[in-house]
>>> print(open('run.csv').read())   # CSV, C-alpha atoms
chain,number,residue,atom,x,y,z
R,1,MET,CA,92.0,122.6,109.0
R,2,ILE,CA,90.8,119.2,110.0
R,3,PRO,CA,93.5,117.1,111.7
R,4,LEU,CA,94.5,113.7,110.3
R,5,SER,CA,93.4,112.0,113.6
R,6,HIS,CA,89.8,112.9,112.9
R,7,TYR,CA,89.8,111.0,109.7
R,8,LEU,CA,91.5,108.1,111.4
R,9,ILE,CA,88.8,108.1,114.1
R,10,VAL,CA,86.0,108.1,111.5
R,11,SER,CA,87.7,105.3,109.7
R,12,ALA,CA,88.1,103.2,112.9
R,13,ILE,CA,84.4,103.7,113.7
R,14,LEU,CA,83.4,102.6,110.2
R,15,PHE,CA,85.7,99.5,110.4
R,16,GLY,CA,84.2,98.7,113.8
R,17,ILE,CA,80.7,98.9,112.4
R,18,GLY,CA,81.7,96.6,109.6
R,19,THR,CA,83.3,94.0,112.0
R,20,THR,CA,80.2,94.2,114.2
R,21,GLY,CA,78.0,93.5,111.1
R,22,VAL,CA,80.0,90.4,110.1
R,23,LEU,CA,79.8,89.1,113.7
R,24,VAL,CA,76.2,90.0,114.4
R,25,ARG,CA,74.1,89.6,111.3
R,26,ARG,CA,72.7,86.3,110.2
R,27,ASN,CA,72.3,87.0,106.5
R,28,LEU,CA,75.0,86.3,103.9
R,29,ILE,CA,74.2,89.4,101.8
R,30,THR,CA,74.4,91.7,104.8
R,31,ILE,CA,77.8,90.1,105.8
R,32,LEU,CA,79.1,90.9,102.3
R,33,LEU,CA,77.9,94.5,102.7
R,34,SER,CA,79.7,94.7,106.0
R,35,ILE,CA,82.9,93.6,104.3
R,36,GLU,CA,82.4,96.5,101.8
R,37,ILE,CA,82.0,98.9,104.8
R,38,MET,CA,85.4,97.7,106.1
R,39,LEU,CA,87.1,98.1,102.7
R,40,ASN,CA,85.8,101.7,102.5
R,41,ALA,CA,87.1,102.5,106.0
R,42,VAL,CA,90.5,101.3,104.9
R,43,ASN,CA,90.2,103.4,101.7
R,44,LEU,CA,89.5,106.5,103.8
R,45,THR,CA,92.7,105.9,105.8
R,46,PHE,CA,94.8,105.5,102.6
R,47,ILE,CA,93.5,108.7,101.1
R,48,ALA,CA,93.9,110.7,104.4
R,49,PHE,CA,97.5,109.5,104.8
R,50,GLY,CA,98.2,110.1,101.2
R,51,ARG,CA,97.0,113.7,101.5
R,52,GLN,CA,99.0,114.1,104.7
R,53,LEU,CA,102.2,113.0,103.0
R,54,GLY,CA,101.4,114.9,99.8
R,55,SER,CA,101.6,111.8,97.5
R,56,VAL,CA,99.2,110.1,95.1
R,57,ASP,CA,100.2,106.6,96.1
R,58,GLY,CA,97.4,106.3,98.5
R,59,GLN,CA,94.8,107.1,95.8
R,60,ILE,CA,96.4,104.5,93.5
R,61,ILE,CA,96.1,101.8,96.2
R,62,VAL,CA,92.5,102.8,96.7
R,63,PHE,CA,91.9,102.0,93.0
R,64,PHE,CA,93.4,98.6,93.4
R,65,VAL,CA,91.2,98.0,96.5
R,66,MET,CA,88.1,99.0,94.5
R,67,THR,CA,88.9,96.6,91.7
R,68,VAL,CA,89.6,93.8,94.2
R,69,ALA,CA,86.3,94.7,95.9
R,70,ALA,CA,84.5,94.4,92.6
R,71,ALA,CA,86.0,91.0,91.9
R,72,GLU,CA,85.2,89.9,95.5
R,73,ALA,CA,81.6,91.0,95.2
R,74,ALA,CA,81.2,89.1,91.9
R,75,VAL,CA,82.6,85.9,93.1
R,76,GLY,CA,81.0,86.2,96.6
R,77,LEU,CA,77.6,86.8,95.2
R,78,ALA,CA,77.9,83.9,92.8
R,79,ILE,CA,78.7,81.7,95.8
R,80,VAL,CA,75.7,83.1,97.6
R,81,ILE,CA,73.5,82.3,94.7
R,82,GLY,CA,74.9,78.7,94.6
R,83,LEU,CA,74.4,78.3,98.3
R,84,PHE,CA,70.8,79.6,98.2
R,85,ARG,CA,70.0,77.1,95.4
R,86,HIS,CA,71.2,74.2,97.6
R,87,ARG,CA,69.5,75.2,101.0
R,88,GLU,CA,66.9,77.8,100.2
R,89,SER,CA,68.4,79.9,103.0
R,90,LEU,CA,70.8,82.8,103.5
R,91,ASN,CA,71.5,82.0,107.2
R,92,PRO,CA,75.2,81.1,107.6
R,93,ASP,CA,74.2,78.6,110.3
R,94,ALA,CA,72.5,76.6,107.6
R,95,PHE,CA,75.8,75.9,106.0
R,96,ALA,CA,77.6,74.1,108.8
R,97,SER,CA,78.3,70.8,107.1
R,98,LEU,CA,82.0,71.4,106.9
R,99,LYS,CA,82.2,72.0,110.7
R,100,TRP,CA,83.5,69.2,112.9
Z,1,MET,CA,84.2,127.3,109.7
Z,2,PRO,CA,82.3,125.7,106.8
Z,3,GLU,CA,85.1,123.2,106.0
Z,4,THR,CA,84.9,121.7,109.5
Z,5,LEU,CA,81.1,121.7,109.5
Z,6,ILE,CA,81.0,119.8,106.1
Z,7,PHE,CA,83.5,117.3,107.5
Z,8,TYR,CA,81.4,116.6,110.6
Z,9,ALA,CA,78.2,116.4,108.6
Z,10,LEU,CA,79.6,114.0,106.0
Z,11,SER,CA,81.3,111.7,108.5
Z,12,GLY,CA,78.3,111.7,110.7
Z,13,PHE,CA,76.1,110.8,107.8
Z,14,ALA,CA,78.5,108.1,106.7
Z,15,ILE,CA,78.6,106.6,110.2
Z,16,GLY,CA,74.9,106.8,110.7
Z,17,ALA,CA,74.1,105.2,107.3
Z,18,SER,CA,76.7,102.4,107.9
Z,19,ALA,CA,75.1,101.8,111.3
Z,20,MET,CA,71.7,101.5,109.7
Z,21,VAL,CA,73.2,99.0,107.2
Z,22,ILE,CA,73.8,96.5,110.0
Z,23,GLY,CA,70.9,97.8,112.2
Z,24,GLN,CA,68.0,96.3,110.3
Z,25,ARG,CA,66.9,93.0,109.0
Z,26,ASN,CA,65.7,93.8,105.5
Z,27,PRO,CA,68.7,93.4,103.0
Z,28,MET,CA,67.0,95.7,100.5
Z,29,TYR,CA,67.2,98.7,102.9
Z,30,SER,CA,70.7,97.7,103.9
Z,31,VAL,CA,71.9,98.1,100.3
Z,32,MET,CA,70.2,101.5,99.9
Z,33,MET,CA,71.8,102.7,103.2
Z,34,LEU,CA,75.2,101.5,102.0
Z,35,ILE,CA,74.8,103.6,98.8
Z,36,ALA,CA,74.1,106.6,100.9
Z,37,SER,CA,77.1,105.9,103.0
Z,38,PHE,CA,79.3,105.6,99.9
Z,39,GLY,CA,78.0,109.0,98.7
Z,40,ALA,CA,79.0,110.7,102.0
Z,41,LEU,CA,82.5,109.0,101.8
Z,42,ALA,CA,82.9,110.4,98.2
Z,43,GLY,CA,82.2,113.9,99.7
Z,44,LEU,CA,85.0,113.2,102.3
Z,45,TYR,CA,87.4,112.2,99.4
Z,46,VAL,CA,86.6,115.5,97.7
Z,47,GLN,CA,87.6,117.3,100.9
Z,48,LEU,CA,90.8,115.4,100.9
Z,49,ASP,CA,91.7,116.7,97.4
Z,50,ALA,CA,91.0,113.4,95.7
Z,51,PRO,CA,88.2,114.3,93.3
Z,52,PHE,CA,89.0,111.5,90.8
Z,53,VAL,CA,88.7,108.8,93.6
Z,54,ALA,CA,85.4,110.4,94.6
Z,55,VAL,CA,84.0,110.1,91.1
Z,56,ALA,CA,85.3,106.5,90.8
Z,57,GLN,CA,83.7,105.7,94.2
Z,58,ILE,CA,80.3,106.9,92.9
Z,59,ILE,CA,80.6,105.2,89.5
Z,60,ILE,CA,82.3,101.9,90.6
Z,61,TYR,CA,81.0,101.4,94.1
Z,62,ALA,CA,77.6,103.0,94.2
Z,63,GLY,CA,77.0,102.4,90.5
Z,64,ALA,CA,78.4,99.0,89.7
Z,65,ILE,CA,79.0,96.9,92.8
Z,66,MET,CA,75.8,98.0,94.7
Z,67,VAL,CA,73.7,97.4,91.6
Z,68,LEU,CA,75.1,93.9,91.5
Z,69,PHE,CA,74.1,93.4,95.2
Z,70,LEU,CA,70.7,94.9,94.5
Z,71,PHE,CA,70.3,92.5,91.6
Z,72,VAL,CA,71.1,89.5,93.7
Z,73,VAL,CA,68.8,90.6,96.6
Z,74,MET,CA,65.9,90.9,94.1
Z,75,LEU,CA,66.8,87.7,92.2
Z,76,LEU,CA,66.9,85.6,95.4
Z,77,ASN,CA,63.8,87.4,96.8
Z,78,ALA,CA,65.9,87.4,100.0
Z,79,PRO,CA,63.9,86.7,103.1
Z,80,LYS,CA,64.1,89.1,106.1
Z,81,GLU,CA,66.1,87.5,108.8
Z,82,ASP,CA,64.2,87.0,112.0
Z,83,GLY,CA,65.4,86.8,115.6
Z,84,SER,CA,64.5,83.1,115.9
Z,85,GLU,CA,67.3,82.2,113.5
Z,86,TRP,CA,69.7,82.9,116.2
Z,87,ASP,CA,71.3,79.8,117.7
Z,88,ARG,CA,71.3,80.7,121.4
Z,89,SER,CA,72.9,77.5,122.6
Z,90,HIS,CA,76.1,78.1,120.7
Z,91,PRO,CA,79.2,77.9,123.0
Z,92,LEU,CA,80.4,81.3,121.8
Z,93,ARG,CA,77.2,82.9,123.0
Z,94,GLN,CA,77.5,82.0,126.7
Z,95,PRO,CA,77.3,85.1,128.9
Z,96,ALA,CA,80.9,84.7,130.2
Z,97,VAL,CA,82.3,84.5,126.7
Z,98,VAL,CA,80.3,87.5,125.6
Z,99,ARG,CA,81.6,89.5,128.6
Z,100,LEU,CA,85.2,88.5,127.8
Z,101,GLY,CA,84.7,89.7,124.2
Z,102,GLY,CA,83.3,93.0,125.5
Z,103,LEU,CA,86.2,93.4,127.8
Z,104,LEU,CA,88.7,92.8,124.9
Z,105,ALA,CA,86.8,95.1,122.6
Z,106,SER,CA,86.9,98.0,125.2
Z,107,LEU,CA,90.6,97.3,125.8
Z,108,LEU,CA,91.2,97.6,122.0
Z,109,VAL,CA,89.3,101.0,122.0
Z,110,VAL,CA,91.4,102.3,124.9
Z,111,GLN,CA,94.6,101.2,123.2
Z,112,LEU,CA,93.7,102.8,119.9
Z,113,GLY,CA,92.8,106.0,121.6
Z,114,TRP,CA,96.1,106.0,123.5
Z,115,ALA,CA,98.0,105.3,120.3
Z,116,LEU,CA,96.2,108.2,118.6
Z,117,LEU,CA,97.0,110.6,121.5
Z,118,SER,CA,100.6,109.6,121.8
Z,119,ALA,CA,101.6,109.5,118.1
Z,120,ARG,CA,103.3,112.6,116.9
Z,121,GLY,CA,102.4,114.4,113.7
Z,122,LEU,CA,98.7,113.5,113.8
Z,123,GLY,CA,97.6,116.7,115.4
Z,124,GLY,CA,98.3,119.1,112.6
Z,125,GLY,CA,96.1,119.8,109.6
Z,126,VAL,CA,95.7,117.0,107.1
Z,127,ALA,CA,97.0,119.1,104.3
Z,128,ALA,CA,100.2,120.0,106.0
Z,129,PHE,CA,102.6,118.7,103.2
Z,130,GLY,CA,102.3,118.7,99.5
Z,131,ASP,CA,100.2,121.1,97.5
Z,132,ALA,CA,96.6,120.4,96.5
Z,133,GLU,CA,97.4,120.8,92.8
Z,134,THR,CA,99.8,117.8,92.7
Z,135,VAL,CA,97.6,115.5,94.8
Z,136,SER,CA,94.4,116.1,93.0
Z,137,SER,CA,95.9,116.1,89.5
Z,138,VAL,CA,94.6,113.2,87.3
Z,139,ARG,CA,97.7,113.7,85.1
Z,140,VAL,CA,100.1,112.9,87.9
Z,141,LEU,CA,97.8,110.0,89.1
Z,142,GLY,CA,97.8,108.4,85.6
Z,143,ARG,CA,101.5,108.8,85.2
Z,144,VAL,CA,102.3,107.1,88.5
Z,145,LEU,CA,99.7,104.4,87.8
Z,146,PHE,CA,101.2,103.5,84.5
Z,147,SER,CA,104.9,103.7,85.4
Z,148,GLU,CA,105.5,102.7,89.0
Z,149,TYR,CA,102.4,100.5,89.5
Z,150,VAL,CA,102.2,99.0,86.0
Z,151,PHE,CA,102.8,95.5,87.2
Z,152,ALA,CA,100.0,95.7,89.7
Z,153,PHE,CA,97.8,97.2,87.1
Z,154,GLU,CA,98.4,94.2,84.7
Z,155,ALA,CA,98.0,91.7,87.5
Z,156,THR,CA,94.6,93.3,88.4
Z,157,SER,CA,93.4,92.7,84.8
Z,158,ILE,CA,94.2,89.0,85.2
Z,159,LEU,CA,92.5,89.0,88.6
Z,160,ILE,CA,89.3,90.5,87.0
Z,161,LEU,CA,89.4,87.9,84.2
Z,162,VAL,CA,89.8,85.1,86.7
Z,163,ALA,CA,87.0,86.5,88.9
Z,164,MET,CA,84.7,86.8,85.8
Z,165,VAL,CA,85.3,83.1,84.8
Z,166,GLY,CA,84.9,82.0,88.4
Z,167,ALA,CA,81.6,83.9,88.8
Z,168,VAL,CA,80.2,82.3,85.6
Z,169,VAL,CA,81.3,78.8,86.7
Z,170,LEU,CA,80.0,79.2,90.2
Z,171,ALA,CA,76.6,80.6,89.3
Z,172,ARG,CA,75.9,78.1,86.6
Z,173,ARG,CA,73.3,75.5,87.3
Z,174,GLU,CA,74.7,72.0,87.9
Z,175,GLY,CA,74.3,69.5,85.1
Z,176,GLU,CA,74.1,72.2,82.6
Z,177,GLY,CA,76.5,72.2,79.6
Z,178,SER,CA,79.2,69.6,79.5
>>> encode(input="run.csv", output="structure tokens")
Amino acid sequence: MIPLSHYLIVSAILFGIGTTGVLVRRNLITILLSIEIMLNAVNLTFIAFGRQLGSVDGQIIVFFVMTVAAAEAAVGLAIVIGLFRHRESLNPDAFASLKW
Amino acid sequence: MPETLIFYALSGFAIGASAMVIGQRNPMYSVMMLIASFGALAGLYVQLDAPFVAVAQIIIYAGAIMVLFLFVVMLLNAPKEDGSEWDRSHPLRQPAVVRLGGLLASLLVVQLGWALLSARGLGGGVAAFGDAETVSSVRVLGRVLFSEYVFAFEATSILILVAMVGAVVLARREGEGS
């Protein structure tokens, strides 16, 4: 029987990989992919805790996370397409005109 | 014990594939690796008695969302990022700041490990409470979804509608239409 803590460790490692990707990569699409990794790490935690507590609420929250992720991907990619049209670049450093 | 072996194989595969998502510069391969990682996570969900979520993960995540990403990568003919795009003079990339960040990150890891070791109830098997029949039943899932969570369900439908309209408006070319 696999202890709950092992699932939590896997989830923490995946979340850390996602955070590192957001901080390190210089490509808007890869940054969005890293956000998806983080969402999946949280999903794994929800399902592991739901199984531990013997309830289906964790799985239902995972469904909502999935739908929100789909909406986020659609809007985020539309924004990426708009940005690419303006600057011909996917490097986030190219979009610094709102910085003071 | 085959169960433990499958768990370690799947989680190792998921972690390795996720590391390769951020470990290379070609966004095309990143998307492919992320699909592989989602497949391994779906296997973990099956092990956790959540087969319906595993199938939804494959269909929605690997099937729909990743195809959307792949479509955009191909549409934009996304260039590979190269190391020269790094802005080395940025104040947040000074060696002292990087060292401070590394120190804080290792502190966080130590704290998380300490919390995991000192929390009670995490050591037992993950399937300690509840029976697998109830947790993996699609019937129970649907009943709870459409009774307790019906408001969130309806709110999600409005969210998807708004996201769809927003995506259409954002991706439209300027000066087109009225």
>>> closest_residue(input="run.csv", among="R:Ser97, R:Ser89, R:Ser55, R:Thr30", to="Leu76 of chain Z", atoms="only C-alpha atoms")
R:Ser89
>>> interface_residues(input="run.csv", of="chain R", to="chain Z", cutoff="6 Å", atoms="only C-alpha atoms", output="PyMOL selection string")
chain R and resi 1-5+21+52-54+56+71+75+78+82
>>> write_last_selection(input="run.csv", atoms="C-alpha atoms", output="PDB file, in the coordinates of the input")
ATOM      1  CA  MET R   1      92.000 122.600 109.000  1.00  0.00           C
ATOM      2  CA  ILE R   2      90.800 119.200 110.000  1.00  0.00           C
ATOM      3  CA  PRO R   3      93.500 117.100 111.700  1.00  0.00           C
ATOM      4  CA  LEU R   4      94.500 113.700 110.300  1.00  0.00           C
ATOM      5  CA  SER R   5      93.400 112.000 113.600  1.00  0.00           C
ATOM      6  CA  GLY R  21      78.000  93.500 111.100  1.00  0.00           C
ATOM      7  CA  GLN R  52      99.000 114.100 104.700  1.00  0.00           C
ATOM      8  CA  LEU R  53     102.200 113.000 103.000  1.00  0.00           C
ATOM      9  CA  GLY R  54     101.400 114.900  99.800  1.00  0.00           C
ATOM     10  CA  VAL R  56      99.200 110.100  95.100  1.00  0.00           C
ATOM     11  CA  ALA R  71      86.000  91.000  91.900  1.00  0.00           C
ATOM     12  CA  VAL R  75      82.600  85.900  93.100  1.00  0.00           C
ATOM     13  CA  ALA R  78      77.900  83.900  92.800  1.00  0.00           C
ATOM     14  CA  GLY R  82      74.900  78.700  94.600  1.00  0.00           C
TER      15      GLY R  82
END
>>> closest_residue(input="run.csv", among="Z:Val46, Z:Asn77, Z:Tyr29, Z:Ala96", to="Leu90 of chain R", atoms="all atoms listed in the file")
Z:Asn77
>>> residues_around(input="run.csv", residues="Thr45 of chain R", least_positions_apart="5", cutoff="12 Å", atoms="all atoms listed in the file", output="ChimeraX atom specification")
/R:4-15,38-40,50-52,58-59,61-62 /Z:41,44-45,48,126
>>> residues_around(input="run.csv", residues="Leu77 of chain R", least_positions_apart="3", cutoff="8 Å", atoms="all atoms listed in the file", output="list in words")
Ile29, Ala73, Ala74, Val80 and Ile81 of chain R; Phe69 and Val72 of chain Z
>>> write_last_selection(input="run.csv", atoms="C-alpha atoms", output="PDB file, in the coordinates of the input")
ATOM      1  CA  ILE R  29      74.200  89.400 101.800  1.00  0.00           C
ATOM      2  CA  ALA R  73      81.600  91.000  95.200  1.00  0.00           C
ATOM      3  CA  ALA R  74      81.200  89.100  91.900  1.00  0.00           C
ATOM      4  CA  VAL R  80      75.700  83.100  97.600  1.00  0.00           C
ATOM      5  CA  ILE R  81      73.500  82.300  94.700  1.00  0.00           C
TER       6      ILE R  81
ATOM      7  CA  PHE Z  69      74.100  93.400  95.200  1.00  0.00           C
ATOM      8  CA  VAL Z  72      71.100  89.500  93.700  1.00  0.00           C
TER       9      VAL Z  72
END
>>> atom_distance(input="run.csv", atom1="atom CA of Ser106 of chain Z", atom2="atom CA of Arg25 of chain R")
20.7 Å
>>> atom_distance(input="run.csv", atom1="atom CA of Gly18 of chain R", atom2="atom CA of Ile37 of chain R")
5.3 Å
>>> atom_distance(input="run.csv", atom1="atom CA of Met32 of chain Z", atom2="atom CA of Phe84 of chain R")
22.0 Å
>>> residues_around(input="run.csv", residues="Val22 of chain R", least_positions_apart="6", cutoff="8 Å", atoms="all atoms listed in the file", output="list in words")
Thr30, Ile31, Leu32, Ser34 and Ile35 of chain R
>>> decode(input="run.csv", residues="segment 87-115 of chain Z", atoms="N, CA, C and O atoms", output="short mmCIF file (atom, residue, chain, number, x, y, z; two decimals), in the first residue's frame")
data_model
loop_
_atom_site.label_atom_id
_atom_site.label_comp_id
_atom_site.auth_asym_id
_atom_site.auth_seq_id
_atom_site.Cartn_x
_atom_site.Cartn_y
_atom_site.Cartn_z
N ASP Z 87 18.32 38.40 -20.62
CA ASP Z 87 18.76 39.73 -20.25
C ASP Z 87 19.62 39.60 -19.00
O ASP Z 87 19.11 39.55 -17.89
N ARG Z 88 20.96 39.51 -19.19
CA ARG Z 88 21.84 39.21 -18.05
C ARG Z 88 21.98 40.38 -17.09
O ARG Z 88 22.42 40.21 -15.97
N SER Z 89 21.64 41.58 -17.57
CA SER Z 89 21.89 42.75 -16.72
C SER Z 89 20.73 43.04 -15.79
O SER Z 89 20.76 44.01 -15.05
N HIS Z 90 19.70 42.20 -15.85
CA HIS Z 90 18.52 42.45 -15.02
C HIS Z 90 18.90 42.44 -13.54
O HIS Z 90 19.68 41.59 -13.10
N PRO Z 91 18.37 43.38 -12.72
CA PRO Z 91 18.75 43.42 -11.30
C PRO Z 91 18.41 42.14 -10.55
O PRO Z 91 19.09 41.81 -9.57
N LEU Z 92 17.38 41.41 -10.99
CA LEU Z 92 17.04 40.17 -10.28
C LEU Z 92 17.99 39.03 -10.63
O LEU Z 92 17.88 37.95 -10.07
N ARG Z 93 18.93 39.23 -11.58
CA ARG Z 93 19.84 38.14 -11.94
C ARG Z 93 21.24 38.40 -11.46
O ARG Z 93 22.20 37.79 -11.94
N GLN Z 94 21.40 39.32 -10.49
CA GLN Z 94 22.71 39.51 -9.87
C GLN Z 94 23.01 38.27 -9.02
O GLN Z 94 22.10 37.62 -8.49
N PRO Z 95 24.31 37.90 -8.89
CA PRO Z 95 24.67 36.68 -8.16
C PRO Z 95 24.13 36.66 -6.73
O PRO Z 95 23.66 35.63 -6.25
N ALA Z 96 24.18 37.82 -6.04
CA ALA Z 96 23.73 37.84 -4.65
C ALA Z 96 22.24 37.53 -4.56
O ALA Z 96 21.80 36.75 -3.70
N VAL Z 97 21.46 38.10 -5.46
CA VAL Z 97 20.01 37.87 -5.45
C VAL Z 97 19.71 36.41 -5.76
O VAL Z 97 18.85 35.78 -5.12
N VAL Z 98 20.47 35.84 -6.72
CA VAL Z 98 20.25 34.43 -7.08
C VAL Z 98 20.56 33.53 -5.89
O VAL Z 98 19.84 32.58 -5.59
N ARG Z 99 21.67 33.88 -5.15
CA ARG Z 99 22.03 33.07 -3.99
C ARG Z 99 20.95 33.14 -2.91
O ARG Z 99 20.60 32.14 -2.30
N LEU Z 100 20.41 34.35 -2.70
CA LEU Z 100 19.34 34.51 -1.72
C LEU Z 100 18.13 33.66 -2.11
O LEU Z 100 17.53 32.98 -1.27
N GLY Z 101 17.79 33.69 -3.41
CA GLY Z 101 16.67 32.88 -3.88
C GLY Z 101 16.91 31.40 -3.66
O GLY Z 101 16.03 30.66 -3.23
N GLY Z 102 18.14 30.93 -3.94
CA GLY Z 102 18.46 29.53 -3.71
C GLY Z 102 18.34 29.15 -2.24
O GLY Z 102 17.82 28.10 -1.89
N LEU Z 103 18.79 30.07 -1.37
CA LEU Z 103 18.69 29.82 0.08
C LEU Z 103 17.24 29.69 0.49
O LEU Z 103 16.85 28.75 1.21
N LEU Z 104 16.38 30.62 0.01
CA LEU Z 104 14.96 30.57 0.37
C LEU Z 104 14.32 29.29 -0.15
O LEU Z 104 13.50 28.66 0.53
N ALA Z 105 14.70 28.87 -1.38
CA ALA Z 105 14.12 27.66 -1.96
C ALA Z 105 14.50 26.44 -1.14
O ALA Z 105 13.65 25.59 -0.84
N SER Z 106 15.79 26.34 -0.72
CA SER Z 106 16.17 25.16 0.06
C SER Z 106 15.51 25.18 1.44
O SER Z 106 15.13 24.13 1.97
N LEU Z 107 15.31 26.40 1.99
CA LEU Z 107 14.58 26.52 3.26
C LEU Z 107 13.17 25.99 3.12
O LEU Z 107 12.66 25.26 3.98
N LEU Z 108 12.53 26.33 1.97
CA LEU Z 108 11.16 25.86 1.72
C LEU Z 108 11.12 24.34 1.64
O LEU Z 108 10.22 23.70 2.20
N VAL Z 109 12.13 23.75 0.95
CA VAL Z 109 12.16 22.29 0.83
C VAL Z 109 12.30 21.65 2.20
O VAL Z 109 11.61 20.67 2.54
N VAL Z 110 13.21 22.21 3.03
CA VAL Z 110 13.41 21.66 4.38
C VAL Z 110 12.12 21.74 5.19
O VAL Z 110 11.70 20.78 5.86
N GLN Z 111 11.44 22.90 5.09
CA GLN Z 111 10.20 23.06 5.86
C GLN Z 111 9.12 22.09 5.41
O GLN Z 111 8.40 21.50 6.23
N LEU Z 112 9.02 21.90 4.07
CA LEU Z 112 8.01 20.97 3.55
C LEU Z 112 8.30 19.55 4.02
O LEU Z 112 7.39 18.82 4.44
N GLY Z 113 9.59 19.16 3.98
CA GLY Z 113 9.96 17.83 4.45
C GLY Z 113 9.65 17.65 5.93
O GLY Z 113 9.11 16.63 6.35
N TRP Z 114 9.94 18.69 6.71
CA TRP Z 114 9.67 18.62 8.15
C TRP Z 114 8.17 18.49 8.39
O TRP Z 114 7.71 17.70 9.22
N ALA Z 115 7.37 19.26 7.62
CA ALA Z 115 5.92 19.20 7.79
C ALA Z 115 5.40 17.81 7.43
O ALA Z 115 4.53 17.26 8.12
#
